[in-house]
$ cat my_file05.cif   # mmCIF, N, CA and C atoms
data_run
#
loop_
_atom_site.label_atom_id
_atom_site.label_comp_id
_atom_site.auth_asym_id
_atom_site.auth_seq_id
_atom_site.Cartn_x
_atom_site.Cartn_y
_atom_site.Cartn_z
N MET S 1 -31.80 -11.59 5.36
CA MET S 1 -32.01 -11.72 6.78
C MET S 1 -30.91 -12.61 7.36
N LYS S 2 -30.30 -12.18 8.45
CA LYS S 2 -29.22 -12.93 9.07
C LYS S 2 -29.79 -13.97 10.02
N SER S 3 -29.06 -15.07 10.17
CA SER S 3 -29.48 -16.09 11.13
C SER S 3 -29.03 -15.67 12.52
N SER S 4 -29.44 -16.41 13.52
CA SER S 4 -29.16 -16.04 14.91
C SER S 4 -27.68 -16.13 15.26
N GLY S 5 -26.91 -16.88 14.50
CA GLY S 5 -25.48 -16.95 14.77
C GLY S 5 -25.08 -18.14 15.61
N THR S 6 -26.02 -18.80 16.25
CA THR S 6 -25.66 -19.95 17.07
C THR S 6 -25.21 -21.11 16.21
N SER S 7 -25.78 -21.26 15.03
CA SER S 7 -25.35 -22.36 14.17
C SER S 7 -23.95 -22.11 13.62
N THR S 8 -23.60 -20.86 13.36
CA THR S 8 -22.24 -20.57 12.87
C THR S 8 -21.22 -20.74 13.98
N ASN S 9 -21.58 -20.38 15.22
CA ASN S 9 -20.65 -20.58 16.33
C ASN S 9 -20.40 -22.06 16.58
N SER S 10 -21.44 -22.87 16.52
CA SER S 10 -21.25 -24.29 16.74
C SER S 10 -20.50 -24.92 15.57
N ALA S 11 -20.69 -24.39 14.37
CA ALA S 11 -19.95 -24.90 13.21
C ALA S 11 -18.47 -24.57 13.35
N LYS S 12 -18.13 -23.37 13.85
CA LYS S 12 -16.74 -23.01 14.07
C LYS S 12 -16.13 -23.87 15.16
N ALA S 13 -16.89 -24.13 16.22
CA ALA S 13 -16.38 -24.96 17.30
C ALA S 13 -16.14 -26.38 16.82
N ARG S 14 -16.99 -26.86 15.92
CA ARG S 14 -16.82 -28.22 15.41
C ARG S 14 -15.65 -28.31 14.44
N SER S 15 -15.23 -27.19 13.87
CA SER S 15 -14.12 -27.24 12.93
C SER S 15 -12.78 -27.47 13.64
N HIS S 16 -12.71 -27.25 14.93
CA HIS S 16 -11.49 -27.49 15.70
C HIS S 16 -11.43 -28.96 16.10
N SER S 17 -10.25 -29.52 16.06
CA SER S 17 -10.09 -30.92 16.48
C SER S 17 -9.55 -31.02 17.90
N THR S 18 -8.99 -29.93 18.41
CA THR S 18 -8.49 -29.89 19.79
C THR S 18 -8.86 -28.54 20.40
N LYS S 19 -8.67 -28.42 21.70
CA LYS S 19 -8.82 -27.12 22.36
C LYS S 19 -7.55 -26.84 23.14
N LYS S 20 -7.34 -25.57 23.45
CA LYS S 20 -6.11 -25.11 24.08
C LYS S 20 -6.40 -24.68 25.51
N CYS S 21 -5.58 -25.10 26.45
CA CYS S 21 -5.74 -24.73 27.85
C CYS S 21 -5.44 -23.24 28.02
N PRO S 22 -6.29 -22.49 28.73
CA PRO S 22 -6.03 -21.06 28.92
C PRO S 22 -4.89 -20.76 29.89
N GLU S 23 -4.47 -21.74 30.67
CA GLU S 23 -3.40 -21.53 31.64
C GLU S 23 -2.02 -21.86 31.07
N CYS S 24 -1.87 -23.06 30.52
CA CYS S 24 -0.54 -23.50 30.08
C CYS S 24 -0.40 -23.59 28.56
N MET S 25 -1.47 -23.29 27.82
CA MET S 25 -1.48 -23.30 26.36
C MET S 25 -1.21 -24.67 25.75
N GLU S 26 -1.49 -25.71 26.49
CA GLU S 26 -1.32 -27.08 26.01
C GLU S 26 -2.57 -27.50 25.23
N TYR S 27 -2.40 -28.22 24.14
CA TYR S 27 -3.53 -28.72 23.37
C TYR S 27 -4.06 -29.99 24.01
N MET S 28 -5.38 -30.18 23.96
CA MET S 28 -6.02 -31.36 24.54
C MET S 28 -7.23 -31.73 23.70
N PRO S 29 -7.77 -32.93 23.86
CA PRO S 29 -8.96 -33.32 23.09
C PRO S 29 -10.16 -32.44 23.44
N LEU S 30 -11.11 -32.35 22.53
CA LEU S 30 -12.29 -31.51 22.74
C LEU S 30 -13.12 -31.96 23.93
N ASP S 31 -13.16 -33.26 24.21
CA ASP S 31 -14.01 -33.74 25.29
C ASP S 31 -13.32 -33.75 26.65
N ALA S 32 -12.09 -33.25 26.74
CA ALA S 32 -11.36 -33.23 28.02
C ALA S 32 -11.98 -32.20 28.95
N GLY S 33 -12.12 -32.58 30.20
CA GLY S 33 -12.63 -31.66 31.22
C GLY S 33 -11.54 -31.15 32.13
N LEU S 34 -10.35 -31.76 32.03
CA LEU S 34 -9.21 -31.41 32.86
C LEU S 34 -7.97 -31.37 31.97
N CYS S 35 -7.19 -30.34 32.10
CA CYS S 35 -5.97 -30.23 31.30
C CYS S 35 -4.99 -31.32 31.72
N PRO S 36 -4.47 -32.09 30.80
CA PRO S 36 -3.53 -33.16 31.17
C PRO S 36 -2.19 -32.63 31.68
N SER S 37 -1.84 -31.41 31.36
CA SER S 37 -0.56 -30.86 31.74
C SER S 37 -0.60 -30.17 33.11
N CYS S 38 -1.53 -29.21 33.28
CA CYS S 38 -1.56 -28.42 34.52
C CYS S 38 -2.72 -28.79 35.44
N LYS S 39 -3.58 -29.70 35.03
CA LYS S 39 -4.72 -30.20 35.83
C LYS S 39 -5.77 -29.13 36.14
N LEU S 40 -5.85 -28.10 35.31
CA LEU S 40 -6.86 -27.06 35.46
C LEU S 40 -8.18 -27.54 34.88
N PRO S 41 -9.30 -27.42 35.61
CA PRO S 41 -10.59 -27.78 35.02
C PRO S 41 -10.93 -26.79 33.90
N VAL S 42 -11.25 -27.30 32.73
CA VAL S 42 -11.57 -26.47 31.58
C VAL S 42 -12.98 -26.75 31.10
N GLY S 43 -13.56 -25.76 30.44
CA GLY S 43 -14.93 -25.87 29.96
C GLY S 43 -14.99 -26.00 28.45
N LYS S 44 -16.02 -25.38 27.90
CA LYS S 44 -16.29 -25.47 26.47
C LYS S 44 -15.27 -24.65 25.68
N ILE S 45 -15.25 -24.92 24.40
CA ILE S 45 -14.34 -24.25 23.47
C ILE S 45 -14.99 -22.96 22.96
N ASN S 46 -14.17 -21.92 22.76
CA ASN S 46 -14.71 -20.70 22.16
C ASN S 46 -14.40 -20.71 20.66
N LYS S 47 -14.72 -19.64 19.97
CA LYS S 47 -14.56 -19.61 18.51
C LYS S 47 -13.11 -19.61 18.07
N HIS S 48 -12.17 -19.31 18.99
CA HIS S 48 -10.75 -19.28 18.64
C HIS S 48 -10.04 -20.58 18.99
N GLY S 49 -10.76 -21.55 19.53
CA GLY S 49 -10.16 -22.83 19.88
C GLY S 49 -9.63 -22.90 21.30
N MET S 50 -9.83 -21.85 22.08
CA MET S 50 -9.38 -21.84 23.47
C MET S 50 -10.48 -22.42 24.36
N ALA S 51 -10.08 -23.16 25.35
CA ALA S 51 -11.04 -23.68 26.34
C ALA S 51 -11.33 -22.57 27.34
N SER S 52 -12.56 -22.51 27.82
CA SER S 52 -12.90 -21.50 28.83
C SER S 52 -12.58 -22.05 30.21
N ARG S 53 -12.33 -21.16 31.13
CA ARG S 53 -12.07 -21.57 32.51
C ARG S 53 -13.39 -21.80 33.21
N LYS S 54 -13.46 -22.85 34.00
CA LYS S 54 -14.67 -23.10 34.78
C LYS S 54 -14.66 -22.17 35.99
N THR S 55 -15.84 -21.77 36.42
CA THR S 55 -15.96 -20.89 37.57
C THR S 55 -15.66 -21.66 38.85
N ASP S 56 -14.81 -21.11 39.68
CA ASP S 56 -14.45 -21.74 40.94
C ASP S 56 -15.37 -21.22 42.03
N TRP S 57 -16.53 -21.86 42.18
CA TRP S 57 -17.54 -21.40 43.13
C TRP S 57 -17.08 -21.54 44.57
N LYS S 58 -16.24 -22.51 44.86
CA LYS S 58 -15.73 -22.69 46.23
C LYS S 58 -14.89 -21.48 46.64
N ALA S 59 -14.10 -20.95 45.72
CA ALA S 59 -13.28 -19.77 46.03
C ALA S 59 -14.15 -18.54 46.26
N TYR S 60 -15.22 -18.39 45.45
CA TYR S 60 -16.14 -17.26 45.67
C TYR S 60 -16.82 -17.37 47.02
N ALA S 61 -17.26 -18.56 47.40
CA ALA S 61 -17.93 -18.76 48.69
C ALA S 61 -16.97 -18.49 49.84
N THR S 62 -15.73 -18.92 49.71
CA THR S 62 -14.73 -18.67 50.75
C THR S 62 -14.45 -17.18 50.89
N ALA S 63 -14.35 -16.47 49.78
CA ALA S 63 -14.10 -15.02 49.82
C ALA S 63 -15.27 -14.28 50.47
N ILE S 64 -16.49 -14.67 50.13
CA ILE S 64 -17.67 -14.02 50.73
C ILE S 64 -17.72 -14.28 52.22
N ALA S 65 -17.41 -15.52 52.64
CA ALA S 65 -17.39 -15.84 54.07
C ALA S 65 -16.31 -15.05 54.79
N ALA S 66 -15.14 -14.90 54.17
CA ALA S 66 -14.07 -14.13 54.79
C ALA S 66 -14.45 -12.67 54.96
N TRP S 67 -15.08 -12.08 53.95
CA TRP S 67 -15.53 -10.69 54.06
C TRP S 67 -16.60 -10.56 55.14
N GLY S 68 -17.51 -11.53 55.21
CA GLY S 68 -18.54 -11.52 56.26
C GLY S 68 -17.91 -11.57 57.64
N PHE S 69 -16.94 -12.44 57.83
CA PHE S 69 -16.24 -12.53 59.12
C PHE S 69 -15.53 -11.22 59.43
N PHE S 70 -14.89 -10.61 58.43
CA PHE S 70 -14.18 -9.35 58.62
C PHE S 70 -15.14 -8.25 59.08
N PHE S 71 -16.29 -8.12 58.41
CA PHE S 71 -17.26 -7.08 58.79
C PHE S 71 -17.85 -7.36 60.17
N PHE S 72 -18.08 -8.63 60.48
CA PHE S 72 -18.57 -8.97 61.81
C PHE S 72 -17.55 -8.58 62.86
N TYR S 73 -16.26 -8.86 62.62
CA TYR S 73 -15.22 -8.49 63.57
C TYR S 73 -15.14 -6.98 63.75
N ILE S 74 -15.21 -6.22 62.68
CA ILE S 74 -15.18 -4.76 62.79
C ILE S 74 -16.36 -4.26 63.62
N TRP S 75 -17.54 -4.83 63.37
CA TRP S 75 -18.72 -4.44 64.17
C TRP S 75 -18.51 -4.82 65.62
N TRP S 76 -18.04 -6.04 65.89
CA TRP S 76 -17.90 -6.53 67.25
C TRP S 76 -16.81 -5.76 68.00
N ALA S 77 -15.71 -5.44 67.34
CA ALA S 77 -14.59 -4.81 68.01
C ALA S 77 -14.75 -3.30 68.17
N PHE S 78 -15.44 -2.63 67.25
CA PHE S 78 -15.42 -1.17 67.27
C PHE S 78 -16.79 -0.50 67.30
N ILE S 79 -17.83 -1.15 66.85
CA ILE S 79 -19.10 -0.46 66.67
C ILE S 79 -20.15 -0.82 67.73
N ARG S 80 -20.21 -2.05 68.16
CA ARG S 80 -21.28 -2.48 69.08
C ARG S 80 -21.21 -1.72 70.39
N GLU S 81 -22.33 -1.61 71.02
CA GLU S 81 -22.41 -0.95 72.34
C GLU S 81 -21.97 -1.94 73.40
N GLN S 82 -21.17 -1.50 74.32
CA GLN S 82 -20.67 -2.41 75.36
C GLN S 82 -21.39 -2.22 76.65
#
$ encode --input "my_file05.cif" --output "structure tokens"
Amino acid sequence: MKSSGTSTNSAKARSHSTKKCPECMEYMPLDAGLCPSCKLPVGKINKHGMASRKTDWKAYATAIAAWGFFFFYIWWAFIREQ
């Protein structure tokens, strides 16, 4: 019977002594939250030793607001009854 795999993933992550920035490929300590070279916020380490990128929620919110404004403008300029 196989185990769930979470213990093997955490064991692999613990075998790394550093993690690698996904943007500039610079090595940094495992507990770093910000790349010292490019200042990119980084997350947890994957099984290959690469740090994951943190989700930029502010950019998603800005994009959604921009699309909302665009659709409102299209409705206001071309669709609404005058």
$ resolve_selection --input "my_file05.cif" --expression "the PyMOL selection byres ((chain S and resi 29-35) around 8)" --output "list in words"
His16, Ser17, Thr18, Lys19, Lys20, Cys21, Glu26, Tyr27, Met28, Pro36, Ser37, Cys38, Lys39, Leu40, Pro41, Val42, Gly43, Lys44 and Ile45 of chain S
$ select_by_dssp --input "my_file05.cif" --residues "range 9-72 of chain S" --states "alpha helix (DSSP H)" --output "PyMOL selection string"
chain S and resi 9-15+57-72
$ write_last_selection --input "my_file05.cif" --atoms "N, CA and C atoms" --output "mmCIF file, in the coordinates of the input"
data_model
loop_
_atom_site.group_PDB
_atom_site.id
_atom_site.type_symbol
_atom_site.label_atom_id
_atom_site.label_comp_id
_atom_site.auth_asym_id
_atom_site.auth_seq_id
_atom_site.Cartn_x
_atom_site.Cartn_y
_atom_site.Cartn_z
ATOM 1 N N ASN S 9 -21.580 -20.380 15.220
ATOM 2 C CA ASN S 9 -20.650 -20.580 16.330
ATOM 3 C C ASN S 9 -20.400 -22.060 16.580
ATOM 4 N N SER S 10 -21.440 -22.870 16.520
ATOM 5 C CA SER S 10 -21.250 -24.290 16.740
ATOM 6 C C SER S 10 -20.500 -24.920 15.570
ATOM 7 N N ALA S 11 -20.690 -24.390 14.370
ATOM 8 C CA ALA S 11 -19.950 -24.900 13.210
ATOM 9 C C ALA S 11 -18.470 -24.570 13.350
ATOM 10 N N LYS S 12 -18.130 -23.370 13.850
ATOM 11 C CA LYS S 12 -16.740 -23.010 14.070
ATOM 12 C C LYS S 12 -16.130 -23.870 15.160
ATOM 13 N N ALA S 13 -16.890 -24.130 16.220
ATOM 14 C CA ALA S 13 -16.380 -24.960 17.300
ATOM 15 C C ALA S 13 -16.140 -26.380 16.820
ATOM 16 N N ARG S 14 -16.990 -26.860 15.920
ATOM 17 C CA ARG S 14 -16.820 -28.220 15.410
ATOM 18 C C ARG S 14 -15.650 -28.310 14.440
ATOM 19 N N SER S 15 -15.230 -27.190 13.870
ATOM 20 C CA SER S 15 -14.120 -27.240 12.930
ATOM 21 C C SER S 15 -12.780 -27.470 13.640
ATOM 22 N N TRP S 57 -16.530 -21.860 42.180
ATOM 23 C CA TRP S 57 -17.540 -21.400 43.130
ATOM 24 C C TRP S 57 -17.080 -21.540 44.570
ATOM 25 N N LYS S 58 -16.240 -22.510 44.860
ATOM 26 C CA LYS S 58 -15.730 -22.690 46.230
ATOM 27 C C LYS S 58 -14.890 -21.480 46.640
ATOM 28 N N ALA S 59 -14.100 -20.950 45.720
ATOM 29 C CA ALA S 59 -13.280 -19.770 46.030
ATOM 30 C C ALA S 59 -14.150 -18.540 46.260
ATOM 31 N N TYR S 60 -15.220 -18.390 45.450
ATOM 32 C CA TYR S 60 -16.140 -17.260 45.670
ATOM 33 C C TYR S 60 -16.820 -17.370 47.020
ATOM 34 N N ALA S 61 -17.260 -18.560 47.400
ATOM 35 C CA ALA S 61 -17.930 -18.760 48.690
ATOM 36 C C ALA S 61 -16.970 -18.490 49.840
ATOM 37 N N THR S 62 -15.730 -18.920 49.710
ATOM 38 C CA THR S 62 -14.730 -18.670 50.750
ATOM 39 C C THR S 62 -14.450 -17.180 50.890
ATOM 40 N N ALA S 63 -14.350 -16.470 49.780
ATOM 41 C CA ALA S 63 -14.100 -15.020 49.820
ATOM 42 C C ALA S 63 -15.270 -14.280 50.470
ATOM 43 N N ILE S 64 -16.490 -14.670 50.130
ATOM 44 C CA ILE S 64 -17.670 -14.020 50.730
ATOM 45 C C ILE S 64 -17.720 -14.280 52.220
ATOM 46 N N ALA S 65 -17.410 -15.520 52.640
ATOM 47 C CA ALA S 65 -17.390 -15.840 54.070
ATOM 48 C C ALA S 65 -16.310 -15.050 54.790
ATOM 49 N N ALA S 66 -15.140 -14.900 54.170
ATOM 50 C CA ALA S 66 -14.070 -14.130 54.790
ATOM 51 C C ALA S 66 -14.450 -12.670 54.960
ATOM 52 N N TRP S 67 -15.080 -12.080 53.950
ATOM 53 C CA TRP S 67 -15.530 -10.690 54.060
ATOM 54 C C TRP S 67 -16.600 -10.560 55.140
ATOM 55 N N GLY S 68 -17.510 -11.530 55.210
ATOM 56 C CA GLY S 68 -18.540 -11.520 56.260
ATOM 57 C C GLY S 68 -17.910 -11.570 57.640
ATOM 58 N N PHE S 69 -16.940 -12.440 57.830
ATOM 59 C CA PHE S 69 -16.240 -12.530 59.120
ATOM 60 C C PHE S 69 -15.530 -11.220 59.430
ATOM 61 N N PHE S 70 -14.890 -10.610 58.430
ATOM 62 C CA PHE S 70 -14.180 -9.350 58.620
ATOM 63 C C PHE S 70 -15.140 -8.250 59.080
ATOM 64 N N PHE S 71 -16.290 -8.120 58.410
ATOM 65 C CA PHE S 71 -17.260 -7.080 58.790
ATOM 66 C C PHE S 71 -17.850 -7.360 60.170
ATOM 67 N N PHE S 72 -18.080 -8.630 60.480
ATOM 68 C CA PHE S 72 -18.570 -8.970 61.810
ATOM 69 C C PHE S 72 -17.550 -8.580 62.860
#
$ atom_distance --input "my_file05.cif" --atom1 "CA of Trp76 in chain S" --atom2 "CA of Ile64 in chain S"
18.1 Å
$ atom_distance --input "my_file05.cif" --atom1 "CA of Cys24 in chain S" --atom2 "CA of His48 in chain S"
15.9 Å
$ select_by_dssp --input "my_file05.cif" --residues "chain S" --states "strand (DSSP E)" --output "list in words"
Thr18, Lys19, Lys20, Tyr27, Met28, Pro29, Val42, Gly43, Lys44, Ile45, Ala51, Ser52 and Arg53 of chain S
$ axis_aligned_box --input "my_file05.cif" --around "range 30-43 of chain S" --padding-each-side "8 Å" --output "JSON"
{"center_x": -7.8, "center_y": -29.8, "center_z": 29.3, "size_x": 30.4, "size_y": 24.0, "size_z": 29.6}
$ atom_distance --input "my_file05.cif" --atom1 "CA of Glu81 in chain S" --atom2 "CA of Ala66 in chain S"
23.5 Å
$ decode --input "my_file05.cif" --residues "range 43-78 of chain S" --atoms "N, CA and C atoms" --output "short mmCIF file (atom, residue, chain, number, x, y, z; two decimals), in the first residue's frame"
data_model
loop_
_atom_site.label_atom_id
_atom_site.label_comp_id
_atom_site.auth_asym_id
_atom_site.auth_seq_id
_atom_site.Cartn_x
_atom_site.Cartn_y
_atom_site.Cartn_z
N GLY S 43 7.37 32.16 -2.96
CA GLY S 43 6.65 31.32 -2.02
C GLY S 43 7.44 30.08 -1.64
N LYS S 44 6.69 29.01 -1.46
CA LYS S 44 7.28 27.74 -1.01
C LYS S 44 8.10 27.10 -2.12
N ILE S 45 8.90 26.14 -1.71
CA ILE S 45 9.77 25.41 -2.62
C ILE S 45 9.01 24.22 -3.20
N ASN S 46 9.28 23.90 -4.48
CA ASN S 46 8.68 22.71 -5.06
C ASN S 46 9.69 21.56 -4.99
N LYS S 47 9.35 20.42 -5.56
CA LYS S 47 10.22 19.24 -5.44
C LYS S 47 11.53 19.38 -6.20
N HIS S 48 11.62 20.36 -7.12
CA HIS S 48 12.84 20.55 -7.90
C HIS S 48 13.74 21.63 -7.31
N GLY S 49 13.33 22.23 -6.20
CA GLY S 49 14.14 23.27 -5.58
C GLY S 49 13.83 24.68 -6.04
N MET S 50 12.83 24.83 -6.90
CA MET S 50 12.43 26.15 -7.39
C MET S 50 11.40 26.75 -6.44
N ALA S 51 11.50 28.03 -6.22
CA ALA S 51 10.49 28.73 -5.42
C ALA S 51 9.29 29.02 -6.30
N SER S 52 8.10 28.96 -5.74
CA SER S 52 6.90 29.27 -6.51
C SER S 52 6.65 30.78 -6.47
N ARG S 53 5.99 31.27 -7.48
CA ARG S 53 5.63 32.69 -7.52
C ARG S 53 4.38 32.90 -6.69
N LYS S 54 4.37 33.98 -5.93
CA LYS S 54 3.17 34.32 -5.17
C LYS S 54 2.16 34.95 -6.11
N THR S 55 0.89 34.73 -5.84
CA THR S 55 -0.17 35.29 -6.66
C THR S 55 -0.28 36.78 -6.41
N ASP S 56 -0.32 37.56 -7.47
CA ASP S 56 -0.43 39.00 -7.37
C ASP S 56 -1.91 39.38 -7.44
N TRP S 57 -2.57 39.37 -6.29
CA TRP S 57 -4.01 39.62 -6.24
C TRP S 57 -4.36 41.05 -6.62
N LYS S 58 -3.47 41.99 -6.36
CA LYS S 58 -3.73 43.38 -6.72
C LYS S 58 -3.83 43.52 -8.24
N ALA S 59 -2.99 42.81 -8.97
CA ALA S 59 -3.03 42.87 -10.44
C ALA S 59 -4.33 42.25 -10.97
N TYR S 60 -4.76 41.13 -10.36
CA TYR S 60 -6.03 40.53 -10.78
C TYR S 60 -7.19 41.47 -10.52
N ALA S 61 -7.22 42.12 -9.36
CA ALA S 61 -8.30 43.06 -9.03
C ALA S 61 -8.30 44.24 -9.98
N THR S 62 -7.13 44.75 -10.32
CA THR S 62 -7.03 45.87 -11.25
C THR S 62 -7.53 45.47 -12.64
N ALA S 63 -7.17 44.28 -13.09
CA ALA S 63 -7.62 43.81 -14.41
C ALA S 63 -9.13 43.63 -14.45
N ILE S 64 -9.70 43.08 -13.38
CA ILE S 64 -11.16 42.90 -13.33
C ILE S 64 -11.86 44.25 -13.32
N ALA S 65 -11.34 45.22 -12.57
CA ALA S 65 -11.92 46.56 -12.55
C ALA S 65 -11.82 47.22 -13.92
N ALA S 66 -10.70 47.04 -14.60
CA ALA S 66 -10.55 47.62 -15.94
C ALA S 66 -11.54 47.02 -16.93
N TRP S 67 -11.72 45.71 -16.88
CA TRP S 67 -12.71 45.07 -17.76
C TRP S 67 -14.12 45.55 -17.43
N GLY S 68 -14.42 45.69 -16.14
CA GLY S 68 -15.73 46.20 -15.73
C GLY S 68 -15.97 47.60 -16.27
N PHE S 69 -14.97 48.47 -16.15
CA PHE S 69 -15.09 49.83 -16.68
C PHE S 69 -15.26 49.80 -18.19
N PHE S 70 -14.53 48.93 -18.89
CA PHE S 70 -14.64 48.82 -20.34
C PHE S 70 -16.05 48.41 -20.76
N PHE S 71 -16.61 47.39 -20.10
CA PHE S 71 -17.97 46.94 -20.44
C PHE S 71 -19.01 48.00 -20.10
N PHE S 72 -18.80 48.71 -18.99
CA PHE S 72 -19.72 49.80 -18.65
C PHE S 72 -19.67 50.88 -19.72
N TYR S 73 -18.46 51.24 -20.19
CA TYR S 73 -18.33 52.26 -21.23
C TYR S 73 -19.02 51.81 -22.52
N ILE S 74 -18.83 50.57 -22.92
CA ILE S 74 -19.48 50.06 -24.14
C ILE S 74 -21.00 50.15 -24.00
N TRP S 75 -21.51 49.76 -22.83
CA TRP S 75 -22.96 49.85 -22.60
C TRP S 75 -23.40 51.30 -22.65
N TRP S 76 -22.68 52.20 -21.97
CA TRP S 76 -23.06 53.59 -21.87
C TRP S 76 -22.98 54.29 -23.23
N ALA S 77 -21.94 53.98 -24.01
CA ALA S 77 -21.73 54.68 -25.27
C ALA S 77 -22.57 54.14 -26.41
N PHE S 78 -22.89 52.84 -26.41
CA PHE S 78 -23.50 52.26 -27.61
C PHE S 78 -24.82 51.53 -27.37
#
